Amino acid sequence: MNDIILHHYEFSTFSEKVRTALGLKRLAWRSVDIPGLPPRPLLSPELTGGYRRAPVMQIGADIYCDTNIILPTLERLHPVPSFYPNSSEGLARALAFAWERQMWIPSISVLTHYIGEHIPPEFLKDRKESYLGIDISKEAMAPRFDQDVQAVRAQVAWLRQALSGRRFLFGDAPGAADLACWQTIYLLRKNCPAEVDALLGLAPLTGWYDRIVALGHGSPTPMTPEEAFAVAREARPAPVTHLEADGDPGGLRAGCPVRVTPDDNARVPVTGTLVAAGDQEIIIHRRESEASDLHLHFPRIGFTVEAV
């Protein structure tokens, strides 16, 4: 029941971020391959209450939504080797969040410039209507391409400077900040022709990039969605010992109904009963008809929390 279960799909770069994080930690984990597009009936709504982004991490009846709670949880449960070398946790978490927010749409723009004609229409429709809220087809993104190249190059420039003379952002050991910056560049280098390196000024980063690739993915073994669902149905949520029941900075009390919603994209609210909260995490309880009692964990950064 304590196995790390990752619900993910192959071409999701945020999934790749977590897969590589599991490699950095040298962990064994169960791999549940999910489709890149809904429906995913055993994951959402049954396990996540409607949250639809990937990846999702599951440990028994505890469900972790968003990489900004998945990585801190892995750090809490498996602290060595650390995601935050040289006491870098605060800086690493802030940098990762800022990089991913700033880089996501400009990186998609560059990607579609090169391979947009190969993106299936149903994927474009889903991302426009139910996920990003914008049209990411090659034709729609073309007018902004030059500006988005400038935006990506500006971010890459400070990354090059930060990595000058060092192996990783915070010294000789890789960490969460490296993984966040790397996963965006991975998206482009994996899918675009080699000329993207020159376009974006990526060539000086190849040594750092390859060192992160070498971390691998740990030790995954396949698991079906049905098997993962059975684990959740038969387990009970772990006791919450790292957060206070009434520690919510906004004054919400344990037992009150709340709604948790991503504040950027795929803004599907998840409702439940508050279990515990702090400045960086909120845990809600849900009881689904099939899955029994679940604790859903969300980061505070990037999500709104409201009393229902």
# chains A, B, ... in the order shown; residues from 1 in each chain; ligands from 1

$ select_by_dssp --residues "segment 96-267 of chain A" --states "alpha helix (DSSP H)" --output "PyMOL selection string"
chain A and resi 96-115+121-126+138-141+145-163+176-191+196-200+206-213+225-234

$ residues_around --residues "segment 65-72 of chain A" --least-positions-apart "2" --cutoff "9 Å" --atoms "only C-alpha atoms" --output "PyMOL selection string"
chain A and resi 14-15+17-18+21+48+51+53-58+63+74-77+83+93+96-97+176+280-281+296-302

$ closest_residue --among "A:Ala194, A:Tyr114, A:Ser107, A:Asp135" --to "Ala151 of chain A" --atoms "only C-alpha atoms"
A:Ser107

$ residues_around --residues "Pro143 of chain A" --least-positions-apart "6" --cutoff "12 Å" --atoms "only C-alpha atoms" --output "PyMOL selection string"
chain A and resi 109-110+112-113+136-137+149

$ residues_around --residues "Leu27 of chain A" --least-positions-apart "3" --cutoff "12 Å" --atoms "only C-alpha atoms" --output "list in words"
Asp3, Ile4, Ile5, Leu6, Val18, Arg19, Thr20, Ala21, Leu22, Gly23, Leu24, Arg30, Leu74, Glu75, Leu77, His78, Pro79, Val80, Pro81, Leu215, Gly216, His217, Gly218, Ser219, Pro220 and Thr221 of chain A

$ residues_around --residues "Gly133 of chain A" --least-positions-apart "5" --cutoff "12 Å" --atoms "only C-alpha atoms" --output "ChimeraX atom specification"
/A:105,124-128,264-267
